[in-house]
$ cat entry-v7.txt   # compact mmCIF, C-alpha atoms and all ligand atoms
# COMPACT_ATOMS: atom_id res chain seq x y z
CA MET A 1 2.62 -10.44 6.23
CA PRO A 2 -1.10 -9.95 5.58
CA GLY A 3 -2.84 -6.76 6.64
CA ARG A 4 -4.30 -7.04 10.14
CA CYS A 5 -5.77 -3.59 10.52
CA ILE A 6 -9.31 -4.26 11.67
CA ILE A 7 -11.01 -1.21 13.07
CA ARG A 8 -13.25 -2.25 15.90
CA ILE A 9 -14.46 1.01 17.35
CA ASN A 10 -17.04 2.89 15.36
CA VAL A 11 -18.06 5.75 17.56
CA ALA A 12 -16.92 9.33 17.18
CA VAL A 13 -14.01 9.99 19.53
CA SER A 14 -13.73 13.73 19.19
CA PRO A 15 -17.08 15.23 20.11
CA ILE A 16 -17.22 18.98 20.32
CA LYS A 17 -17.61 20.10 23.92
CA PRO A 18 -18.45 23.71 23.29
CA ALA A 19 -16.23 26.23 25.00
CA ARG A 20 -18.03 28.69 27.25
CA ARG A 21 -19.00 31.90 25.52
CA ASP A 22 -16.98 34.13 27.83
CA THR A 23 -13.85 31.95 27.49
CA PHE A 24 -14.28 31.86 23.72
CA GLU A 25 -14.60 35.65 23.56
CA ALA A 26 -11.53 36.11 25.76
CA LYS A 27 -9.36 33.82 23.62
CA LEU A 28 -10.57 35.34 20.37
CA ALA A 29 -9.78 38.79 21.74
CA GLU A 30 -6.16 37.65 22.22
CA VAL A 31 -5.67 37.13 18.46
CA ARG A 32 -3.08 39.65 17.23
CA PRO A 33 -2.30 40.39 13.58
CA ARG A 34 0.37 37.99 12.24
CA GLN A 35 1.01 36.60 15.75
CA PRO A 36 0.50 32.84 16.22
CA ILE A 37 -1.99 32.00 18.95
CA PRO A 38 -0.84 29.88 21.93
CA ARG A 39 -1.93 26.29 22.61
CA ASP A 40 -4.54 27.10 25.26
CA ALA A 41 -6.29 29.56 22.97
CA ALA A 42 -6.22 27.05 20.09
CA ILE A 43 -7.82 24.38 22.27
CA GLU A 44 -10.57 26.74 23.42
CA LEU A 45 -11.26 27.93 19.87
CA ILE A 46 -11.34 24.46 18.28
CA CYS A 47 -14.05 23.55 20.82
CA CYS A 48 -16.26 26.53 19.99
CA SER A 49 -20.02 26.14 19.72
CA ASP A 50 -21.90 26.32 16.43
CA GLY A 51 -23.15 29.74 17.53
CA ASP A 52 -19.58 31.03 17.96
CA LEU A 53 -18.26 29.48 14.76
CA PRO A 54 -18.97 32.52 12.50
CA GLU A 55 -16.76 34.69 14.74
CA LEU A 56 -13.95 32.15 14.66
CA LEU A 57 -14.19 31.97 10.88
CA ALA A 58 -14.15 35.76 10.57
CA ALA A 59 -10.94 35.94 12.63
CA ALA A 60 -9.33 33.22 10.51
CA ARG A 61 -10.36 34.81 7.21
CA ALA A 62 -8.98 38.16 8.41
CA ALA A 63 -5.67 36.43 9.25
CA LYS A 64 -5.57 34.90 5.77
CA GLU A 65 -6.23 38.29 4.16
CA ARG A 66 -3.34 39.81 6.11
CA PHE A 67 -1.10 36.96 4.95
CA LYS A 68 -2.11 36.74 1.28
CA PRO A 69 -4.82 39.23 0.33
CA ILE A 70 -7.47 38.26 -2.25
CA GLU A 71 -5.54 35.41 -3.82
CA ILE A 72 -6.33 31.69 -3.55
CA THR A 73 -3.84 29.45 -5.32
CA TYR A 74 -3.88 25.94 -6.72
CA SER A 75 -1.38 23.76 -8.51
CA ARG A 76 -2.42 22.30 -11.85
CA LYS A 77 -1.04 18.81 -11.66
CA VAL A 78 -1.03 15.30 -12.93
CA PHE A 79 -1.09 12.52 -10.40
CA ILE A 80 1.53 9.83 -10.98
CA PRO A 81 0.86 6.79 -8.76
CA LEU A 82 4.31 5.30 -9.27
CA THR A 83 3.47 2.18 -7.28
CA ASN A 84 0.47 1.38 -5.13
CA LEU A 85 2.26 -1.43 -3.33
CA CYS A 86 2.99 -0.40 0.24
CA ARG A 87 4.35 -2.08 3.32
CA ASP A 88 1.91 -0.21 5.58
CA TYR A 89 -1.75 -0.97 6.18
CA CYS A 90 -3.40 2.30 7.22
CA GLY A 91 -7.02 1.69 8.16
CA TYR A 92 -8.35 4.48 5.92
CA CYS A 93 -6.36 3.76 2.76
CA THR A 94 -7.90 2.74 -0.56
CA PHE A 95 -4.71 3.41 -2.51
CA ARG A 96 -2.50 0.58 -1.31
CA ARG A 97 -2.47 -2.92 -2.75
CA ASP A 98 -0.65 -6.17 -2.09
CA PRO A 99 1.00 -7.87 -5.06
CA GLY A 100 -1.63 -9.90 -6.90
CA ASP A 101 -4.53 -7.72 -5.71
CA SER A 102 -6.80 -6.36 -8.41
CA GLY A 103 -5.35 -3.02 -9.53
CA ALA A 104 -1.89 -3.59 -8.04
CA HIS A 105 0.52 -1.75 -10.32
CA THR A 106 3.95 -0.22 -10.61
CA MET A 107 4.17 2.23 -13.50
CA THR A 108 6.80 1.81 -16.19
CA PRO A 109 8.91 4.77 -17.32
CA ASP A 110 6.84 4.92 -20.53
CA GLU A 111 3.62 5.16 -18.52
CA VAL A 112 5.10 7.92 -16.36
CA LEU A 113 6.07 9.92 -19.43
CA GLU A 114 2.74 9.34 -21.12
CA VAL A 115 0.84 10.85 -18.18
CA ALA A 116 3.33 13.70 -17.81
CA HIS A 117 3.13 14.62 -21.51
CA ALA A 118 -0.68 14.52 -21.42
CA GLY A 119 -0.61 16.86 -18.41
CA GLU A 120 1.78 19.18 -20.17
CA ARG A 121 -0.68 19.53 -23.03
CA LEU A 122 -3.36 20.59 -20.51
CA GLY A 123 -1.22 23.29 -18.93
CA CYS A 124 -0.13 21.33 -15.88
CA THR A 125 3.04 22.36 -14.10
CA GLU A 126 3.28 19.70 -11.38
CA ALA A 127 3.93 15.97 -11.54
CA LEU A 128 2.77 14.70 -8.15
CA PHE A 129 4.45 11.36 -7.45
CA SER A 130 2.48 9.33 -4.92
CA LEU A 131 3.61 5.88 -3.85
CA GLY A 132 3.50 3.34 -1.10
CA ASP A 133 6.25 3.32 1.50
CA LYS A 134 9.17 0.91 0.83
CA PRO A 135 7.09 -2.00 -0.59
CA GLU A 136 10.24 -3.94 -1.48
CA LEU A 137 10.94 -4.49 2.23
CA LEU A 138 7.82 -6.63 2.46
CA PHE A 139 7.20 -8.01 -1.02
CA PRO A 140 9.67 -10.13 -3.04
CA GLN A 141 7.50 -9.34 -6.09
CA MET A 142 8.41 -5.65 -5.76
CA ARG A 143 12.08 -6.52 -5.43
CA GLU A 144 11.74 -8.48 -8.67
CA THR A 145 9.94 -5.59 -10.41
CA LEU A 146 12.68 -3.18 -9.36
CA ARG A 147 15.40 -5.59 -10.47
CA HIS A 148 13.68 -5.89 -13.84
CA LEU A 149 13.50 -2.08 -14.12
CA GLY A 150 17.15 -1.81 -13.07
CA TYR A 151 16.84 -0.16 -9.64
CA LYS A 152 17.87 -1.16 -6.12
CA SER A 153 14.87 0.33 -4.31
CA THR A 154 11.63 2.20 -4.84
CA LEU A 155 13.40 5.43 -3.89
CA HIS A 156 16.10 4.86 -6.53
CA TYR A 157 13.33 4.31 -9.08
CA LEU A 158 11.45 7.42 -7.90
CA GLU A 159 14.59 9.52 -8.19
CA ALA A 160 15.12 8.32 -11.76
CA MET A 161 11.47 9.02 -12.70
CA CYS A 162 11.63 12.54 -11.25
CA GLU A 163 14.73 13.14 -13.30
CA LEU A 164 13.06 11.69 -16.41
CA VAL A 165 10.09 14.04 -16.02
CA LEU A 166 12.42 17.00 -15.48
CA ARG A 167 14.48 16.10 -18.54
CA GLU A 168 11.67 15.23 -20.95
CA THR A 169 8.83 17.57 -19.96
CA SER A 170 8.19 21.02 -18.54
CA LEU A 171 6.57 19.60 -15.41
CA LEU A 172 8.15 19.96 -11.99
CA PRO A 173 8.13 16.82 -9.82
CA HIS A 174 6.75 16.88 -6.27
CA PRO A 175 7.30 13.48 -4.62
CA ASN A 176 5.37 12.14 -1.61
CA PRO A 177 7.60 9.14 -0.93
CA GLY A 178 7.07 8.36 2.74
CA LEU A 179 9.86 8.38 5.30
CA LEU A 180 13.25 9.58 4.10
CA SER A 181 16.78 9.48 5.47
CA SER A 182 18.94 12.60 5.25
CA GLU A 183 20.67 11.09 2.20
CA TRP A 184 17.36 10.58 0.42
CA VAL A 185 16.08 14.05 1.25
CA ALA A 186 19.22 15.39 -0.43
CA ARG A 187 18.96 13.10 -3.46
CA LEU A 188 15.30 13.87 -4.12
CA ALA A 189 15.89 17.59 -3.58
CA ASN A 190 18.21 17.49 -6.60
CA VAL A 191 15.35 16.38 -8.86
CA SER A 192 12.34 18.15 -7.33
CA PRO A 193 11.86 21.69 -6.06
CA SER A 194 9.68 20.57 -3.13
CA MET A 195 8.45 17.40 -1.52
CA GLY A 196 5.90 16.27 1.02
CA LEU A 197 5.06 13.97 3.89
CA MET A 198 1.86 14.27 5.90
CA LEU A 199 2.59 14.22 9.61
CA GLU A 200 -1.12 13.25 10.02
CA THR A 201 -1.10 13.13 13.82
CA THR A 202 1.21 13.13 16.81
CA ASN A 203 -1.07 10.68 18.63
CA THR A 204 1.01 7.51 19.08
CA SER A 205 -1.94 5.51 20.44
CA LEU A 206 -3.27 5.25 16.88
CA LEU A 207 -0.48 2.74 16.24
CA GLY A 208 -2.19 0.37 18.67
CA PRO A 209 -4.18 -2.77 17.86
CA GLY A 210 -7.34 -2.05 15.90
CA LYS A 211 -6.52 1.64 15.46
CA ALA A 212 -5.98 3.61 12.25
CA HIS A 213 -2.20 3.08 12.18
CA ASP A 214 -2.11 -0.49 13.41
CA ASN A 215 0.41 -2.32 11.20
CA ALA A 216 1.63 0.94 9.67
CA PRO A 217 5.19 1.25 11.01
CA ASP A 218 5.95 4.27 8.84
CA LYS A 219 3.20 6.26 10.57
CA ALA A 220 5.07 6.51 13.89
CA PRO A 221 4.92 10.26 14.57
CA ALA A 222 8.53 10.47 15.78
CA LYS A 223 9.82 8.98 12.52
CA ARG A 224 7.74 11.37 10.45
CA LEU A 225 8.89 14.34 12.48
CA ARG A 226 12.49 13.23 11.86
CA THR A 227 11.97 13.27 8.08
CA ILE A 228 10.35 16.70 8.22
CA GLU A 229 13.19 17.95 10.41
CA GLU A 230 15.79 16.53 8.03
CA ALA A 231 14.15 18.45 5.18
CA GLY A 232 14.36 21.53 7.38
CA LYS A 233 18.07 21.06 8.04
CA GLN A 234 18.58 20.93 4.28
CA SER A 235 16.22 23.88 3.60
CA VAL A 236 13.98 21.80 1.35
CA PRO A 237 10.57 23.43 0.77
CA PHE A 238 8.24 20.98 2.45
CA THR A 239 4.53 20.21 2.45
CA THR A 240 2.99 18.47 5.44
CA GLY A 241 -0.28 18.44 7.31
CA VAL A 242 -2.82 16.97 9.64
CA LEU A 243 -5.34 14.23 8.89
CA ILE A 244 -8.47 14.68 10.98
CA GLY A 245 -11.10 12.17 12.01
CA ILE A 246 -8.99 9.01 12.35
CA GLY A 247 -9.40 8.57 16.09
CA GLU A 248 -7.48 11.55 17.42
CA SER A 249 -8.82 14.10 19.89
CA LEU A 250 -9.30 17.82 19.32
CA GLU A 251 -6.23 18.44 21.49
CA ASP A 252 -4.26 16.06 19.25
CA ARG A 253 -5.17 18.18 16.23
CA VAL A 254 -3.82 21.26 17.94
CA ASP A 255 -0.69 19.42 19.10
CA THR A 256 -0.02 18.09 15.60
CA LEU A 257 -0.25 21.61 14.18
CA LEU A 258 2.02 22.83 16.99
CA ALA A 259 4.62 20.16 16.19
CA ILE A 260 4.67 21.40 12.59
CA ARG A 261 4.89 24.99 13.78
CA GLU A 262 7.80 24.19 16.04
CA LEU A 263 9.79 22.70 13.15
CA HIS A 264 8.90 25.64 10.93
CA GLU A 265 10.03 28.11 13.56
CA ARG A 266 13.35 26.27 13.74
CA TYR A 267 14.01 25.77 10.03
CA GLY A 268 11.56 27.98 8.09
CA HIS A 269 10.94 25.32 5.46
CA ILE A 270 7.25 24.45 5.79
CA GLN A 271 5.80 25.81 2.58
CA GLU A 272 2.31 24.44 3.13
CA VAL A 273 0.16 22.79 5.77
CA ILE A 274 -2.69 20.60 4.54
CA VAL A 275 -5.78 20.08 6.64
CA GLN A 276 -7.23 16.85 5.31
CA ASN A 277 -10.45 15.26 6.48
CA PHE A 278 -10.99 11.51 6.67
CA ARG A 279 -13.61 10.30 4.19
CA THR A 280 -15.02 6.84 4.53
CA LYS A 281 -15.09 4.26 1.74
CA PRO A 282 -16.87 0.91 1.70
CA THR A 283 -13.72 -1.14 1.12
CA ILE A 284 -11.50 0.14 3.93
CA PRO A 285 -11.07 -1.30 7.43
CA MET A 286 -12.49 2.00 8.75
CA ALA A 287 -15.64 1.72 6.59
CA GLN A 288 -17.89 2.14 9.66
CA TRP A 289 -15.90 5.00 11.12
CA PRO A 290 -17.74 8.35 11.28
CA GLU A 291 -16.42 11.16 9.12
CA PRO A 292 -15.60 14.48 10.75
CA SER A 293 -18.43 16.94 10.25
CA GLN A 294 -18.12 20.01 8.10
CA GLY A 295 -18.13 22.10 11.29
CA GLU A 296 -15.16 20.13 12.66
CA MET A 297 -13.30 20.64 9.43
CA LEU A 298 -13.98 24.40 9.41
CA ARG A 299 -12.91 24.72 13.06
CA THR A 300 -9.67 22.84 12.39
CA VAL A 301 -8.84 24.92 9.32
CA ALA A 302 -9.59 28.15 11.18
CA VAL A 303 -7.43 27.16 14.16
CA ALA A 304 -4.65 26.05 11.79
CA ARG A 305 -4.74 29.53 10.22
CA LEU A 306 -4.53 31.22 13.63
CA LEU A 307 -1.74 28.89 14.83
CA LEU A 308 0.19 29.43 11.59
CA PRO A 309 -0.84 32.91 10.41
CA ASN A 310 2.10 33.26 8.03
CA VAL A 311 2.06 29.79 6.47
CA ASN A 312 0.15 28.56 3.42
CA ILE A 313 -2.87 26.54 4.54
CA GLN A 314 -4.50 24.14 2.11
CA ALA A 315 -7.57 21.93 2.16
CA PRO A 316 -8.51 19.64 -0.73
CA PRO A 317 -11.80 20.81 -2.29
CA ASN A 318 -12.85 17.34 -3.44
CA LEU A 319 -12.92 16.07 0.14
CA SER A 320 -15.38 18.78 1.19
CA ALA A 321 -17.57 18.82 -1.92
CA PRO A 322 -20.15 20.14 -2.53
CA TYR A 323 -19.56 22.92 0.06
CA TYR A 324 -15.85 23.36 -0.41
CA GLU A 325 -15.90 27.13 -0.92
CA GLU A 326 -16.71 27.55 2.77
CA LEU A 327 -13.11 26.53 3.43
CA ILE A 328 -12.18 30.00 2.17
CA ASP A 329 -14.24 31.44 5.04
CA ALA A 330 -12.08 29.36 7.41
CA GLY A 331 -8.81 30.86 6.18
CA ILE A 332 -7.29 28.56 3.55
CA ASN A 333 -5.25 30.30 0.87
CA ASP A 334 -4.74 27.27 -1.38
CA TRP A 335 -6.74 24.43 -2.92
CA GLY A 336 -3.76 22.14 -3.38
CA GLY A 337 -3.16 20.12 -6.50
CA VAL A 338 -6.08 19.99 -8.88
CA SER A 339 -5.85 17.82 -11.96
CA PRO A 340 -7.63 18.40 -15.25
CA LEU A 341 -6.54 14.90 -16.31
CA THR A 342 -5.95 12.24 -13.67
CA PRO A 343 -8.32 11.17 -10.87
CA ASP A 344 -7.41 11.51 -7.21
CA PHE A 345 -6.00 8.02 -6.79
CA ILE A 346 -6.03 8.42 -3.00
CA ASN A 347 -9.74 9.32 -2.98
CA PRO A 348 -10.89 8.10 -6.39
CA GLU A 349 -14.59 8.33 -5.51
CA LYS A 350 -14.23 12.10 -4.89
CA PRO A 351 -13.57 13.77 -8.25
CA TRP A 352 -11.74 17.05 -8.36
CA PRO A 353 -13.95 20.00 -9.26
CA HIS A 354 -13.71 21.30 -12.76
CA LEU A 355 -11.22 24.16 -12.79
CA GLU A 356 -13.79 26.60 -14.14
CA GLN A 357 -16.13 25.70 -11.27
CA LEU A 358 -13.28 26.18 -8.85
CA ARG A 359 -12.59 29.63 -10.28
CA LEU A 360 -16.25 30.70 -10.13
CA ARG A 361 -16.75 29.47 -6.59
CA THR A 362 -13.49 31.08 -5.47
CA GLU A 363 -14.57 34.38 -6.99
CA ALA A 364 -17.97 34.09 -5.27
CA LYS A 365 -15.99 34.33 -2.02
CA ARG A 366 -14.34 37.61 -3.09
CA ALA A 367 -11.06 35.94 -4.03
CA VAL A 368 -9.04 35.39 -7.18
CA LEU A 369 -7.80 31.98 -8.31
CA ARG A 370 -4.13 31.83 -9.34
CA GLN A 371 -2.06 28.90 -10.59
CA ARG A 372 1.08 28.21 -8.58
CA LEU A 373 3.91 25.76 -9.02
CA PRO A 374 4.46 22.80 -6.66
CA VAL A 375 6.95 25.04 -4.86
CA TYR A 376 5.37 28.19 -3.39
CA PRO A 377 6.57 31.64 -4.55
CA GLU A 378 8.32 32.46 -1.27
CA PHE A 379 10.54 29.37 -1.68
CA VAL A 380 11.29 29.62 -5.41
CA GLY A 381 14.34 31.82 -4.96
CA ALA A 382 16.23 29.29 -2.84
CA VAL A 383 15.70 26.52 -5.40
CA LEU A 384 16.69 28.79 -8.28
CA GLY A 385 20.05 29.20 -6.57
CA LYS A 386 20.88 25.56 -7.18
CA PRO A 387 22.85 24.60 -10.28
CA GLY A 388 21.61 22.24 -12.98
CA LEU A 389 18.46 21.11 -14.73
CA LEU A 390 16.13 21.59 -11.77
CA SER A 391 16.74 25.33 -11.51
CA GLU A 392 16.66 25.68 -15.30
CA ARG A 393 13.23 24.07 -15.46
CA LEU A 394 11.99 26.06 -12.49
CA ARG A 395 13.16 29.33 -14.06
CA GLU A 396 11.30 28.49 -17.27
CA ALA A 397 8.11 27.70 -15.33
CA THR A 398 8.11 30.70 -12.97
CA ALA A 399 6.43 34.05 -13.62
CA ASP A 400 7.78 37.30 -12.15
CA ASP A 401 5.57 36.96 -9.08
CA GLY A 402 6.83 33.42 -8.34
CA LEU A 403 3.57 31.78 -9.47
CA ALA A 404 3.17 29.64 -12.59
CA ARG A 405 4.00 31.30 -15.88
CA ARG A 406 0.78 29.85 -17.31
CA ALA A 407 -2.38 31.80 -16.58
CA ALA A 408 -5.14 30.23 -14.49
S1 LIG A 501 -1.85 5.85 3.46
FE1 LIG A 501 0.19 5.70 2.50
S2 LIG A 501 1.44 4.58 3.99
FE2 LIG A 501 -0.72 4.21 4.56
S3 LIG A 501 -1.25 2.30 3.51
FE3 LIG A 501 -1.84 4.00 2.16
S4 LIG A 501 -0.09 4.26 0.78
FE4 LIG A 501 0.63 3.07 2.54

$ encode --input "entry-v7.txt" --output "structure tokens"
Amino acid sequence: MPGRCIIRINVAVSPIKPARRDTFEAKLAEVRPRQPIPRDAAIELICCSDGDLPELLAAARAAKERFKPIEITYSRKVFIPLTNLCRDYCGYCTFRRDPGDSGAHTMTPDEVLEVAHAGERLGCTEALFSLGDKPELLFPQMRETLRHLGYKSTLHYLEAMCELVLRETSLLPHPNPGLLSSEWVARLANVSPSMGLMLETTNTSLLGPGKAHDNAPDKAPAKRLRTIEEAGKQSVPFTTGVLIGIGESLEDRVDTLLAIRELHERYGHIQEVIVQNFRTKPTIPMAQWPEPSQGEMLRTVAVARLLLPNVNIQAPPNLSAPYYEELIDAGINDWGGVSPLTPDFINPEKPWPHLEQLRLRTEAKRAVLRQRLPVYPEFVGAVLGKPGLLSERLREATADDGLARRAA
């Protein structure tokens, strides 16, 4: 079925309606050390005026310093785009291809190993597997590719490639495979210490005609919440997050963060929450869509920190370049995966900063850059308790403080 995601609306849908100064002050005064703020406070704060923004940022940075003083982490990774075929057609995606499109590709095992070995030589510790969601359900060509490779599905192939990387290199896999059943959460957890799925938004109207998730059945919020919950039931360290600027409201951003918080309170498995900002590209259906402003991004990060004061908050520096260090002011404690080797295949026009630049700009904000593993230190212990190759590799890669054995 051809993609039919045509974005028709091109006006900003989430204008900031500044909160009144007295309401803002009252809600900010309610912030308590290490205590998550309630929904009504989050909604007031995310609507704050430009004049009030410095105070919001100061509260968020203070919360970050109580959580993880001084340190800002990143994961040195290689990006392994296992297949860019995908059955979904998200309106903002440049990664996906149909079979026959220019650049459509499914990596061979040799290509996977080649990238992983190159990353190893550059001190990487993470193999980030990114891939489209279940392309074989839509494309006979993918079924044929998988048959040729000897696998029943993309997930079977992913599992084998994670195991290959574990066996043949020192890298630790972190797959982002899309929706997963409980069986697949368990299978992938045997070959990777952590995994991820962006919740993106809880706004179901974005699945409607002409919206960002039109013709993207795997982006139904309830299905994504089920996968995240399944990971929680199995205590799998899990990365998720919110994607801002795709047609959701400010309240939606707060509600998406609250949905993540609710699952984390129940299962304690959310190792990281990413705040990702939509960036436009000329080739996407949403090419005319306005990007969220830097102020919107900073407000969302700050409110995420106050909603989740004891959770790792990440924002990708390349999507906020050249002013990415201001994200530290808003309370992030992690830059996410940064590759010295492979481009960001999801946002290829936004190169990652050079690691030395990242270090200098982190230090300019009175912080210290440290290299972590794909699994965060507070979750390493649980994975080390598992038998087999995964825990062996993790033990070899982990320093005494739970971060990467290699120095930043
Ligand atoms: S964002 Fe992910 S699910 Fe959506 S089209 Fe791109 S690869 Fe597929």

$ axis_aligned_box --input "entry-v7.txt" --around "stretch 199-215 of chain A" --padding-each-side "4 Å" --output "lines of an AutoDock Vina configuration file"
center_x = -2.4
center_y = 5.7
center_z = 15.0
size_x = 17.9
size_y = 25.0
size_z = 18.8

$ closest_residue --input "entry-v7.txt" --among "A:Lys211, A:His269, A:Arg61, A:Arg20" --to "A:Asp329" --atoms "all atoms listed in the file"
A:Arg61

$ residues_near_ligand --input "entry-v7.txt" --ligand "ligand LIG 501 (chain A)" --cutoff "6 Å" --atoms "all atoms listed in the file" --output "MDAnalysis selection string"
chainID A and resid 86 88:90 93 95:96 132:133

$ write_last_selection --input "entry-v7.txt" --atoms "C-alpha atoms" --output "PDB file, in the frame of the given file"
ATOM      1  CA  CYS A  86       2.990  -0.400   0.240  1.00  0.00           C
ATOM      2  CA  ASP A  88       1.910  -0.210   5.580  1.00  0.00           C
ATOM      3  CA  TYR A  89      -1.750  -0.970   6.180  1.00  0.00           C
ATOM      4  CA  CYS A  90      -3.400   2.300   7.220  1.00  0.00           C
ATOM      5  CA  CYS A  93      -6.360   3.760   2.760  1.00  0.00           C
ATOM      6  CA  PHE A  95      -4.710   3.410  -2.510  1.00  0.00           C
ATOM      7  CA  ARG A  96      -2.500   0.580  -1.310  1.00  0.00           C
ATOM      8  CA  GLY A 132       3.500   3.340  -1.100  1.00  0.00           C
ATOM      9  CA  ASP A 133       6.250   3.320   1.500  1.00  0.00           C
TER      10      ASP A 133
END

$ closest_residue --input "entry-v7.txt" --among "A:Leu57, A:Leu122, A:Ala404, A:Ala160" --to "A:Thr108" --atoms "all atoms listed in the file"
A:Ala160

$ atom_distance --input "entry-v7.txt" --atom1 "atom CA of A:Ser320" --atom2 "atom CA of A:Leu250"
19.1 Å

$ atom_distance --input "entry-v7.txt" --atom1 "atom CA of A:Leu360" --atom2 "atom CA of A:Glu325"
9.9 Å

$ closest_residue --input "entry-v7.txt" --among "A:Leu207, A:Ile46, A:Met142, A:Ile228" --to "A:Ser182" --atoms "all atoms listed in the file"
A:Ile228

$ closest_residue --input "entry-v7.txt" --among "A:Ala42, A:Ile70, A:Ala63, A:Val31" --to "A:Glu363" --atoms "only C-alpha atoms"
A:Ile70

$ closest_residue --input "entry-v7.txt" --among "A:Arg121, A:Arg253, A:Arg224, A:Arg395" --to "A:Lys77" --atoms "all atoms listed in the file"
A:Arg121

$ closest_residue --input "entry-v7.txt" --among "A:Ala189, A:Ala41, A:Leu128, A:Ile244" --to "A:Gly337" --atoms "only C-alpha atoms"
A:Leu128

$ residues_around --input "entry-v7.txt" --residues "A:Ser75" --least-positions-apart "4" --cutoff "12 Å" --atoms "all atoms listed in the file" --output "JSON list (two decimals) with C-alpha atoms, keeping the file's coordinate frame"
[["chain", "number", "residue", "atom", "x", "y", "z"],
["A", 79, "PHE", "CA", -1.09, 12.52, -10.40],
["A", 123, "GLY", "CA", -1.22, 23.29, -18.93],
["A", 124, "CYS", "CA", -0.13, 21.33, -15.88],
["A", 125, "THR", "CA", 3.04, 22.36, -14.10],
["A", 126, "GLU", "CA", 3.28, 19.70, -11.38],
["A", 127, "ALA", "CA", 3.93, 15.97, -11.54],
["A", 128, "LEU", "CA", 2.77, 14.70, -8.15],
["A", 171, "LEU", "CA", 6.57, 19.60, -15.41],
["A", 172, "LEU", "CA", 8.15, 19.96, -11.99],
["A", 173, "PRO", "CA", 8.13, 16.82, -9.82],
["A", 174, "HIS", "CA", 6.75, 16.88, -6.27],
["A", 314, "GLN", "CA", -4.50, 24.14, 2.11],
["A", 316, "PRO", "CA", -8.51, 19.64, -0.73],
["A", 334, "ASP", "CA", -4.74, 27.27, -1.38],
["A", 335, "TRP", "CA", -6.74, 24.43, -2.92],
["A", 336, "GLY", "CA", -3.76, 22.14, -3.38],
["A", 337, "GLY", "CA", -3.16, 20.12, -6.50],
["A", 338, "VAL", "CA", -6.08, 19.99, -8.88],
["A", 339, "SER", "CA", -5.85, 17.82, -11.96],
["A", 340, "PRO", "CA", -7.63, 18.40, -15.25],
["A", 355, "LEU", "CA", -11.22, 24.16, -12.79],
["A", 369, "LEU", "CA", -7.80, 31.98, -8.31],
["A", 370, "ARG", "CA", -4.13, 31.83, -9.34],
["A", 371, "GLN", "CA", -2.06, 28.90, -10.59],
["A", 372, "ARG", "CA", 1.08, 28.21, -8.58],
["A", 373, "LEU", "CA", 3.91, 25.76, -9.02],
["A", 374, "PRO", "CA", 4.46, 22.80, -6.66],
["A", 375, "VAL", "CA", 6.95, 25.04, -4.86],
["A", 376, "TYR", "CA", 5.37, 28.19, -3.39],
["A", 377, "PRO", "CA", 6.57, 31.64, -4.55],
["A", 403, "LEU", "CA", 3.57, 31.78, -9.47],
["A", 404, "ALA", "CA", 3.17, 29.64, -12.59],
["A", 405, "ARG", "CA", 4.00, 31.30, -15.88],
["A", 406, "ARG", "CA", 0.78, 29.85, -17.31],
["A", 407, "ALA", "CA", -2.38, 31.80, -16.58],
["A", 408, "ALA", "CA", -5.14, 30.23, -14.49]]

$ build_atoms --input "entry-v7.txt" --residues "stretch 192-199 of chain A" --atoms "N, CA, C and O atoms" --output "tab-separated table (two decimals), in the coordinates of the input"
chain	number	residue	atom	x	y	z
A	192	SER	N	13.68	17.60	-7.56
A	192	SER	CA	12.34	18.15	-7.33
A	192	SER	C	12.47	19.41	-6.48
A	192	SER	O	13.26	19.44	-5.54
A	193	PRO	N	11.70	20.44	-6.80
A	193	PRO	CA	11.86	21.69	-6.06
A	193	PRO	C	11.24	21.65	-4.67
A	193	PRO	O	11.55	22.48	-3.83
A	194	SER	N	10.35	20.68	-4.42
A	194	SER	CA	9.68	20.57	-3.13
A	194	SER	C	9.27	19.12	-2.96
A	194	SER	O	9.26	18.35	-3.92
A	195	MET	N	8.95	18.75	-1.74
A	195	MET	CA	8.45	17.40	-1.52
A	195	MET	C	7.51	17.42	-0.32
A	195	MET	O	7.35	18.46	0.33
A	196	GLY	N	6.89	16.27	-0.04
A	196	GLY	CA	5.90	16.27	1.02
A	196	GLY	C	5.82	14.98	1.80
A	196	GLY	O	6.18	13.90	1.31
A	197	LEU	N	5.35	15.12	3.03
A	197	LEU	CA	5.06	13.97	3.89
A	197	LEU	C	4.03	14.47	4.92
A	197	LEU	O	4.33	15.40	5.68
A	198	MET	N	2.86	13.88	4.90
A	198	MET	CA	1.86	14.27	5.90
A	198	MET	C	2.31	13.77	7.28
A	198	MET	O	2.61	12.59	7.44
A	199	LEU	N	2.35	14.68	8.25
A	199	LEU	CA	2.59	14.22	9.61
A	199	LEU	C	1.36	13.42	10.09
A	199	LEU	O	1.48	12.42	10.77
